[in-house]
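First up is the structure itself, then whatever we jot down about it.
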Amino acid sequence: KNFDNKGIFYDNYFNTNSSILKDTLWLVIYNDKNINLKINDNIILYVKKKKNYLSNIIYILKTLIFNFYSFNKTLNLLSWQYLYSIKLIKNIKTILFGNLKLVLLPYEGQPFQTSIINYLKNSRKLKINGFIHSYPSLPTNLVKRKISPDNLIVASDDQKYCLSRFFGWSEENIYLKESSRFI
């Protein structure tokens, strides 16, 4: 529903589209059933493949056998978030980055986002900015970690205050910007 018939992607959170930001590479996690659509040249779709139950069973058995010594590690390796991040990173590796300097992503502190940030920071020197588009009442998922975006973009003084005062973020790394979602 975010694509028009010309292949232009409209992003509700950033209130912009792929034809305005032509020098931006858009990686879109695509969950719709219809994958036969036209897309602009600056868009890459990540489409989940159909489940392969045999490879899933083999993966589970390998994980249980080789990590039996660590219950926590086994649980982590078997979580859907971890598996999702591995598959997403595998696809990101195939993208030619060229002179990519900045990554801007909607940031929710989810494990698969942390894995992507970790991969990007270890593969090349990039600036990674996370845009907070939704803010829960107790945002413990946004605690500053060793693997976090370099900067956060928030929409209110209250968010900036809370993140810098209680969740370990430096005020210098939090940028206040009106929510582009409602402009």
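The way I read the labels, and the way they are meant: chains A, B, ... in the order of the structure tokens, residue 1 as the first residue of every chain, and ligand 1 as the first ligand shown, with later ones counted on from there.
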All residues 9 Å or closer to region 80-84 of chain A, only C-alpha atoms, same chain fewer than 4 positions away omitted, as a PDB file with N, CA, C and O atoms, in the first residue's frame:
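Just written: out-v9.pdb:
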ATOM      1  N   ASN A  76      18.909 -17.572  22.783  1.00  0.00           N
ATOM      2  CA  ASN A  76      19.139 -16.435  21.895  1.00  0.00           C
ATOM      3  C   ASN A  76      19.215 -16.874  20.439  1.00  0.00           C
ATOM      4  O   ASN A  76      18.603 -16.263  19.557  1.00  0.00           O
ATOM      5  N   LEU A  88      18.346 -11.029   7.312  1.00  0.00           N
ATOM      6  CA  LEU A  88      18.374  -9.651   6.821  1.00  0.00           C
ATOM      7  C   LEU A  88      19.805  -9.198   6.544  1.00  0.00           C
ATOM      8  O   LEU A  88      20.092  -8.603   5.505  1.00  0.00           O
ATOM      9  N   ILE A  89      20.725  -9.502   7.437  1.00  0.00           N
ATOM     10  CA  ILE A  89      22.131  -9.128   7.242  1.00  0.00           C
ATOM     11  C   ILE A  89      22.708  -9.845   6.030  1.00  0.00           C
ATOM     12  O   ILE A  89      23.477  -9.264   5.259  1.00  0.00           O
ATOM     13  N   GLN A 110      15.006  -2.913  18.779  1.00  0.00           N
ATOM     14  CA  GLN A 110      14.731  -4.333  18.627  1.00  0.00           C
ATOM     15  C   GLN A 110      16.031  -5.087  18.344  1.00  0.00           C
ATOM     16  O   GLN A 110      16.952  -4.542  17.736  1.00  0.00           O
ATOM     17  N   PRO A 111      16.100  -6.339  18.758  1.00  0.00           N
ATOM     18  CA  PRO A 111      17.336  -7.109  18.558  1.00  0.00           C
ATOM     19  C   PRO A 111      17.797  -7.183  17.104  1.00  0.00           C
ATOM     20  O   PRO A 111      18.981  -7.102  16.835  1.00  0.00           O
ATOM     21  N   PHE A 112      16.877  -7.299  16.154  1.00  0.00           N
ATOM     22  CA  PHE A 112      17.324  -7.381  14.766  1.00  0.00           C
ATOM     23  C   PHE A 112      17.923  -6.050  14.308  1.00  0.00           C
ATOM     24  O   PHE A 112      18.855  -6.021  13.506  1.00  0.00           O
ATOM     25  N   SER A 115      21.484  -5.962  15.642  1.00  0.00           N
ATOM     26  CA  SER A 115      22.357  -6.812  14.820  1.00  0.00           C
ATOM     27  C   SER A 115      22.760  -6.101  13.531  1.00  0.00           C
ATOM     28  O   SER A 115      23.922  -6.174  13.110  1.00  0.00           O
TER      29      SER A 115
END
Next item on the list: as an MDAnalysis selection string, please: all residues of region 11-87 of chain A that backbone DSSP puts in helix (DSSP H, G or I).
Entry: chainID A and resid 53:66 71:78 80:87
Per-residue nearest contacts region 33-122 of chain A to region 141-144 of chain A, cut-off 9 Å, using only C-alpha atoms, as JSON lines:
{"residue": "A:Tyr107", "atom": "CA", "partner": "A:Leu142", "partner_atom": "CA", "distance": 8.4}
{"residue": "A:Glu108", "atom": "CA", "partner": "A:Leu142", "partner_atom": "CA", "distance": 6.6}
{"residue": "A:Gly109", "atom": "CA", "partner": "A:Asn141", "partner_atom": "CA", "distance": 5.1}
{"residue": "A:Gln110", "atom": "CA", "partner": "A:Asn141", "partner_atom": "CA", "distance": 7.1}
Can you write out the residues you just picked, keeping all heavy atoms, as an mmCIF file, in the first residue's frame?
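The file below, selection_34.cif, is the result:
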data_model
loop_
_atom_site.group_PDB
_atom_site.id
_atom_site.type_symbol
_atom_site.label_atom_id
_atom_site.label_comp_id
_atom_site.auth_asym_id
_atom_site.auth_seq_id
_atom_site.Cartn_x
_atom_site.Cartn_y
_atom_site.Cartn_z
ATOM 1 N N TYR A 107 14.157 3.593 14.619
ATOM 2 C CA TYR A 107 14.816 2.806 15.661
ATOM 3 C C TYR A 107 13.864 2.542 16.818
ATOM 4 O O TYR A 107 13.263 3.447 17.370
ATOM 5 C CB TYR A 107 16.052 3.559 16.165
ATOM 6 C CG TYR A 107 16.853 2.773 17.180
ATOM 7 C CD1 TYR A 107 17.505 1.610 16.818
ATOM 8 C CD2 TYR A 107 16.938 3.209 18.493
ATOM 9 C CE1 TYR A 107 18.230 0.880 17.742
ATOM 10 C CE2 TYR A 107 17.675 2.492 19.425
ATOM 11 C CZ TYR A 107 18.312 1.334 19.047
ATOM 12 O OH TYR A 107 19.021 0.620 19.964
ATOM 13 N N GLU A 108 13.752 1.262 17.156
ATOM 14 C CA GLU A 108 12.909 0.832 18.270
ATOM 15 C C GLU A 108 13.695 0.007 19.288
ATOM 16 O O GLU A 108 13.122 -0.507 20.235
ATOM 17 C CB GLU A 108 11.736 0.007 17.731
ATOM 18 C CG GLU A 108 10.851 0.779 16.793
ATOM 19 C CD GLU A 108 9.904 -0.115 16.014
ATOM 20 O OE1 GLU A 108 10.169 -1.335 15.897
ATOM 21 O OE2 GLU A 108 8.897 0.412 15.509
ATOM 22 N N GLY A 109 14.979 -0.170 19.055
ATOM 23 C CA GLY A 109 15.804 -0.950 19.970
ATOM 24 C C GLY A 109 15.555 -2.447 19.890
ATOM 25 O O GLY A 109 15.879 -3.185 20.818
ATOM 26 N N GLN A 110 15.006 -2.913 18.779
ATOM 27 C CA GLN A 110 14.731 -4.333 18.627
ATOM 28 C C GLN A 110 16.031 -5.087 18.344
ATOM 29 O O GLN A 110 16.952 -4.542 17.736
ATOM 30 C CB GLN A 110 13.740 -4.564 17.489
ATOM 31 C CG GLN A 110 12.370 -4.001 17.783
ATOM 32 C CD GLN A 110 11.381 -4.399 16.710
ATOM 33 O OE1 GLN A 110 11.491 -5.452 16.090
ATOM 34 N NE2 GLN A 110 10.387 -3.549 16.501
#
Next item on the list: Return as number ranges by chain the full set of residues in region 125-180 of chain A whose backbone-based DSSP assignment is strand (DSSP E or B).
Entry: A: 127-131, 151-154, 174-176
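For the set A:Ile20, A:Asp4, A:Leu54, A:Ile65, the residue with the smallest atom-to-atom gap to Lys38 (chain A) is A:Asp4, counting only C-alpha atoms.
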Check: Near Lys1 (chain A), within 10 Å and counting only C-alpha atoms, which residues show up once chain neighbours fewer than 2 positions away are dropped, as number ranges by chain?
Finding: A: 3-4, 9-10, 32
If you keep C-alpha atoms, can you produce a file of those selected residues as an mmCIF file, in the first residue's frame?
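Saved to part_38.cif:
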data_model
loop_
_atom_site.group_PDB
_atom_site.id
_atom_site.type_symbol
_atom_site.label_atom_id
_atom_site.label_comp_id
_atom_site.auth_asym_id
_atom_site.auth_seq_id
_atom_site.Cartn_x
_atom_site.Cartn_y
_atom_site.Cartn_z
ATOM 1 C CA PHE A 3 3.904 1.932 -3.435
ATOM 2 C CA ASP A 4 2.146 3.715 -6.252
ATOM 3 C CA PHE A 9 7.660 4.283 -2.284
ATOM 4 C CA TYR A 10 5.937 6.599 0.183
ATOM 5 C CA ASP A 32 2.784 -7.756 1.370
#
Note to self: Can you tell me which residues surround Lys160 (chain A) at a distance of at most 12 Å, considering only C-alpha atoms, apart from same-chain residues fewer than 5 positions away, and format the answer as an NGL selection string?
What the structure shows: :A and (132 or 135 or 139 or 142 or 151-155 or 165-177)
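The space separating CA of Leu37 (chain A) from CA of Asn5 (chain A) comes to 7.9 Å.
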Next item on the list: Could you give me, as an NGL selection string, the residues within 9 Å of region 92-96 of chain A, counting only C-alpha atoms and dropping anything in the same chain fewer than 6 positions from it?
Entry: :A and (27 or 44 or 116)
Note to self: Between CA of Tyr69 (chain A) and CA of Ser85 (chain A), what is the distance in Å, rounded to a tenth?
What the structure shows: 23.4 Å
Item checked: Contact residues around Leu100 (chain A) with only C-alpha atoms at 12 Å, ignoring same-chain residues under 3 positions, as a PyMOL selection string -> chain A and resi 23-25+95-97+103-104+120+123-128
Just the selected residues (C-alpha atoms), exported as a PDB file, in the first residue's frame, please.
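File result.pdb, as written:
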ATOM      1  CA  ASP A  23      20.302   9.802  -3.970  1.00  0.00           C
ATOM      2  CA  THR A  24      18.984   7.723  -1.065  1.00  0.00           C
ATOM      3  CA  LEU A  25      19.025   3.940  -1.092  1.00  0.00           C
ATOM      4  CA  ILE A  95      24.162  -4.581  -1.502  1.00  0.00           C
ATOM      5  CA  LEU A  96      27.000  -2.547  -2.941  1.00  0.00           C
ATOM      6  CA  PHE A  97      27.468   0.350  -0.552  1.00  0.00           C
ATOM      7  CA  VAL A 103      22.259   5.239   7.569  1.00  0.00           C
ATOM      8  CA  LEU A 104      18.952   6.556   8.878  1.00  0.00           C
ATOM      9  CA  LEU A 120      27.195  -1.933   9.594  1.00  0.00           C
ATOM     10  CA  SER A 123      31.927  -3.516   8.087  1.00  0.00           C
ATOM     11  CA  ARG A 124      32.745   0.154   7.443  1.00  0.00           C
ATOM     12  CA  LYS A 125      32.821   3.571   9.037  1.00  0.00           C
ATOM     13  CA  LEU A 126      29.291   4.877   8.846  1.00  0.00           C
ATOM     14  CA  LYS A 127      27.253   7.365  10.787  1.00  0.00           C
ATOM     15  CA  ILE A 128      24.070   5.664  11.980  1.00  0.00           C
TER      16      ILE A 128
END
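Taking CA of Phe14 (chain A) as the reference point, CA of His133 (chain A) is found at 8.8 Å.
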Next item on the list: Counting only C-alpha atoms, figure out which residue out of A:Ser179, A:Ser55, A:Leu102, A:Leu78 gets nearest to Ser156 (chain A).
Entry: A:Ser179
